[in-house]
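Note sheet for the following structure.
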Amino acid sequence: MKTSTFLAFSLLFSGMGMGLLAEEVADQPVIAAEETVAAPENASTTTSTPAPAVQPKAAPVVDIKPMMQTVKSNFKKENFEAADKAVDMALELKPDDFEANKYKGMCQYKLGNLDAAEKAFKLAWTADSKDAELVFYVGSLQDKKGNSLAAEKQFLRYKEFGIFNGYASKMKKYASYVSAKAAKQRAAQALQQEASLDATNIAPNSVAVVTFANTGSDKDLDPLQKGLAEMVATDLSKVERLKVIERVQMQALVNEMALGQTGLLEEKNAERFGKLVGAEKVVNGSFASNDNATIKMDAGFADVKNGELKAIESQNGQLADIFKLEKALVLKVVDQMGIVLTDKERKAIAKVPTENVLAFLSYSKGLDAEDKGDFATAQGLYAEAVKADPKFSQAQTAANAAGVKNDCSKSGDLTKVTASAPVGGGSEITTPVYTINNLNFSARGTISLYTLNSVNSSFMPEKAVSVATEVLGSNLLAIPKSSGNIERISYIDAFGLGFGSASAKVKISAPIPDDGN
């Protein structure tokens with residue numbers, strides 16, 4: 001066997017080949033350099049053409065793909081120790097290899113060696129910081145180490161990756177769970193830095209809505225304290241010129257400040273709260289019902305920059321009309337802020353998420369349970385709201401999000417989350433089957449294949465692929481049920497933004513209609 005052939009063979013299959021290669025080379029005869037012989041004095045001085053210089057042989061290309069296949073195979077089987085040993089062999093041959101360093105970090109993460117994992121991830125990061133799998137694991141590592149702010153930064157990058165990327169889907173699903181923990185750290189930091197905060201640096205038209213206070217005798221309505229505040233914040237977020245601070249961030253700060261409902265209504269605390277949370281205006285309010293039939297709602301807002309407190313005209317009416325009263329209150333708040341609404345914004349605010357008071361009460365209780373970190377209870381309460389009003393989509397979304405948070409909380413490791421079934425069911429398959437983002441989809445095709453088609457004449461294939469993938473990826477799509485027992489799977493080929501022959505596919509499964517058509 002020639003030395004060059006043996007070299008390639010040994011490097012390809014085993015790190016042990018390095019020792020064999022040394023023995024092979026040692027057996028070769030030593031070739032001494034030729035001695036220079038002086039020409040005789042009477043020799044001819046004619047010079048001959050010099051021999052061409054010998055070019056050095058190119059260094060052999062090291063191929064670690066077979067080793068990495070072994071690494072991946074063991075990793076997939078959760079044999080992390082074997083995978084770690086195999087990746088070490090690969091790194092001996094190619095220390096700077098991106099994939100090898102990434103898998104080294106993943107193996108160490110799974111083995112519980114977080115510092116070693118972080119070291120390997122840093123080496124991989126220098127080669128490619130835009131790999132979705134690496135970003136997901138780096139975010140999970142930071143979460144496990146208790147650095148929720150750093151974890152949030154990575155998980156919120158899910159938009160950078162394609163709609164078919166499974167790791168981007170996971171990051172999107174888990175982002176709200178990570179952000180809730182990051183909010184606590186952000187609130188603690190704000191309190192530590194309170195002395196250096198300058199109200200003049202707060203972004204204009206930034207708004208925070210704090211929990212309302214129940215000042216009436218009907219304490220059964222206490223859950224509405226958070227429900228009404230959430231509804232007001234949601235409506236204000238429909239005003240393009242306003243930037244509404246997320247409720248989870250505000251609740252984290254309330255907890256850190258240890259403020260009760262009456263404390264938040266005090267002008268001095270409202271101003272302080274706005275400065276800490278980064279809001280120019282802080283909206284607070286109260287409601288009272290003393291006869292279980294009528295209700296009075298009040299609101300106002302503090303301007304953090306100039307210290308003014310503006311009261312809003314009270315809204316009075318029947319308890320059954322609470323949602324209309326809340327809408328009227330929001331319109332007056334916006335008017336006091338000096339903002340003229342467009343017709344589109346006014347129509348958006350006027351939309352009522354539910355007209356069922358019991359459903360809204362269950363939803364409001366769910367908000368309180370979620371704020372306490374009891375995601376399982378929150379999910380159940382949101383589900384009760386959906387049961388009371390199946391059209392209450394906000395409660396449906398909250399139920400599934402709480403389910404994801406509960407799954408994340410139970411796992412303790414974002415790379416090992418076991419997803420629970422989404423809340424909600426379905427009905428018999430009809431045409432259209434379901435509506436996603438105003439696109440109507442129907443199930444048509446043969447008995448052996450399901451195909452998504454739109455009954456909308458403005459249907460665009462790429463939009464259907466994008467929408468369906470986004471919803472399926474976040475486990476928010478409840479496939480309608482059929483009494484048939486046979487299930488078929490449909491594939492939509494995707495090429496770029498449209499249909500084609502690319503390998504990326506969307507998988508959608510649903511039961512076949514009973515008639516088989």
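Chain lettering (A, B, ...) mirrors the order of the structure tokens, residue numbering begins at 1 for each chain separately, and ligand numbering begins at 1 in order of display.
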
request  = Check region 244-435 of chain A with DSSP on the backbone and list each residue it calls strand (DSSP E or B), as a VMD selection string.
outcome  = chain A and resid 244 281 to 288 294 to 303 309 to 318 434 to 435

query = Could you name the residues that touch Leu325 (chain A) at 9 Å or less, counting only C-alpha atoms, but leaving out those on the same chain fewer than 6 positions away, as JSON, numbers by chain?
reply = {"A": [296, 297, 315, 316, 317, 318]}

request  = Point out the residue among A:Leu156, A:Ala320, A:Val283, A:Ala180 with the least atom-to-atom distance to Ala168 (chain A), counting only C-alpha atoms.
outcome  = A:Leu156

message = Could you pull out the helix (DSSP H, G or I) residues of region 149-285 of chain A, going by DSSP on the backbone, and write them as an MDAnalysis selection string?
response = chainID A and resid 149:160 166:192 194:196 199:201 219:221 224:236 247:257 261:265 267:277

Keeping only C-alpha atoms, take the residues you just selected and write them out as a short mmCIF file (atom, residue, chain, number, x, y, z; two decimals), in the first residue's frame.
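What follows is the written file again-v9.cif:
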```
data_model
loop_
_atom_site.label_atom_id
_atom_site.label_comp_id
_atom_site.auth_asym_id
_atom_site.auth_seq_id
_atom_site.Cartn_x
_atom_site.Cartn_y
_atom_site.Cartn_z
CA LEU A 149 -32.71 38.21 29.74
CA ALA A 150 -30.04 36.56 27.59
CA ALA A 151 -32.36 33.63 26.87
CA GLU A 152 -35.14 35.99 25.80
CA LYS A 153 -32.78 37.77 23.40
CA GLN A 154 -32.05 34.49 21.59
CA PHE A 155 -35.61 33.14 21.53
CA LEU A 156 -37.00 36.36 20.10
CA ARG A 157 -34.79 35.79 17.05
CA TYR A 158 -37.23 33.18 15.71
CA LYS A 159 -38.35 35.61 12.99
CA GLU A 160 -34.89 35.44 11.40
CA GLY A 166 -38.57 23.48 13.50
CA TYR A 167 -36.24 25.23 15.95
CA ALA A 168 -37.70 28.63 14.99
CA SER A 169 -41.13 27.20 15.78
CA LYS A 170 -39.96 26.07 19.21
CA MET A 171 -38.39 29.45 19.95
CA LYS A 172 -41.63 31.18 19.02
CA LYS A 173 -43.66 28.84 21.24
CA TYR A 174 -41.40 29.19 24.28
CA ALA A 175 -40.67 32.91 23.93
CA SER A 176 -43.58 34.04 26.12
CA TYR A 177 -42.49 31.68 28.92
CA VAL A 178 -38.92 32.98 28.77
CA SER A 179 -40.09 36.61 28.50
CA ALA A 180 -42.18 36.26 31.67
CA LYS A 181 -39.06 35.25 33.60
CA ALA A 182 -37.03 37.97 31.89
CA ALA A 183 -39.63 40.53 32.97
CA LYS A 184 -38.87 39.73 36.62
CA GLN A 185 -35.15 40.32 36.10
CA ARG A 186 -35.88 43.52 34.17
CA ALA A 187 -38.08 44.79 36.99
CA ALA A 188 -35.43 44.04 39.60
CA GLN A 189 -32.82 45.87 37.53
CA ALA A 190 -35.11 48.89 37.14
CA LEU A 191 -35.52 49.18 40.90
CA GLN A 192 -31.77 48.89 41.43
CA GLU A 194 -34.12 53.83 39.93
CA ALA A 195 -31.98 56.71 41.16
CA SER A 196 -30.35 57.11 37.75
CA ALA A 199 -38.15 60.60 32.95
CA THR A 200 -37.17 62.87 30.03
CA ASN A 201 -35.74 59.83 28.24
CA LYS A 219 -66.40 41.00 45.64
CA ASP A 220 -67.39 38.24 43.24
CA LEU A 221 -66.31 40.71 40.57
CA LEU A 224 -62.41 41.83 36.67
CA GLN A 225 -59.68 43.98 38.22
CA LYS A 226 -57.14 42.36 35.90
CA GLY A 227 -59.60 41.50 33.15
CA LEU A 228 -60.71 45.10 32.60
CA ALA A 229 -57.14 46.39 32.72
CA GLU A 230 -56.17 43.79 30.13
CA MET A 231 -59.09 44.79 27.90
CA VAL A 232 -58.20 48.50 28.15
CA ALA A 233 -54.56 47.75 27.31
CA THR A 234 -55.60 45.59 24.35
CA ASP A 235 -57.81 48.36 22.98
CA LEU A 236 -55.15 51.03 23.45
CA ARG A 247 -48.91 43.34 30.94
CA VAL A 248 -46.38 40.68 31.95
CA GLN A 249 -43.69 43.36 32.38
CA MET A 250 -46.00 45.54 34.43
CA GLN A 251 -47.10 42.71 36.69
CA ALA A 252 -43.47 41.81 37.34
CA LEU A 253 -42.79 45.38 38.45
CA VAL A 254 -45.91 45.48 40.62
CA ASN A 255 -44.69 42.35 42.38
CA GLU A 256 -41.22 43.82 42.87
CA MET A 257 -42.64 47.08 44.24
CA GLN A 261 -54.48 47.95 44.25
CA THR A 262 -55.00 51.11 46.29
CA GLY A 263 -51.28 51.84 46.14
CA LEU A 264 -51.34 51.89 42.37
CA LEU A 265 -54.14 54.46 42.43
CA GLU A 267 -50.55 59.66 42.13
CA LYS A 268 -47.02 59.43 43.55
CA ASN A 269 -46.88 55.68 42.95
CA ALA A 270 -48.31 55.97 39.44
CA GLU A 271 -45.58 58.41 38.47
CA ARG A 272 -42.91 56.23 40.00
CA PHE A 273 -44.33 53.16 38.30
CA GLY A 274 -44.30 54.85 34.90
CA LYS A 275 -40.70 55.93 35.33
CA LEU A 276 -39.63 52.41 36.28
CA VAL A 277 -41.55 50.65 33.51
#
```

All residues 8 Å or closer to Asp96 (chain A), only C-alpha atoms, same chain fewer than 2 positions away omitted, as a CSV table (one decimal) with N, CA and C atoms, in the first residue's frame:
```csv
chain,number,residue,atom,x,y,z
A,91,LEU,N,-13.2,16.4,16.7
A,91,LEU,CA,-12.5,17.7,17.0
A,91,LEU,C,-11.0,17.6,17.0
A,94,LYS,N,-10.4,18.2,13.4
A,94,LYS,CA,-10.8,19.5,12.9
A,94,LYS,C,-11.3,20.3,14.1
A,98,PHE,N,-17.4,23.9,12.7
A,98,PHE,CA,-18.6,24.5,13.3
A,98,PHE,C,-19.6,23.4,13.9
A,101,ASN,N,-18.2,21.5,17.0
A,101,ASN,CA,-18.3,22.3,18.2
A,101,ASN,C,-19.7,22.5,18.7
A,123,LEU,N,-17.3,28.6,20.6
A,123,LEU,CA,-16.5,28.3,19.5
A,123,LEU,C,-17.3,28.2,18.2
A,124,ALA,N,-18.5,27.5,18.3
A,124,ALA,CA,-19.4,27.4,17.2
A,124,ALA,C,-19.9,28.7,16.7
```

key: Glu384 (chain A) surroundings by only C-alpha atoms, 9 Å radius, close-in-sequence under 3 positions cut, as a PyMOL selection string   = chain A and resi 359+362-363+379-381+387-389+395

ask   = CA of Tyr382 (chain A) and CA of Ala402 (chain A), how far apart in Å?
value = 8.6 Å

message = Here is a test: counting only C-alpha atoms, which residue of A:Phe212, A:Phe136, A:Phe75, A:Phe360 is nearest to Phe287 (chain A)?
response = A:Phe212

remark   = One decimal place gives the CA of Gly278 (chain A)-CA of Ser206 (chain A) separation as 7.5 Å

key: For CA of Glu118 (chain A) and CA of Gly105 (chain A), the interatomic separation in Å (one decimal)   = 6.5 Å
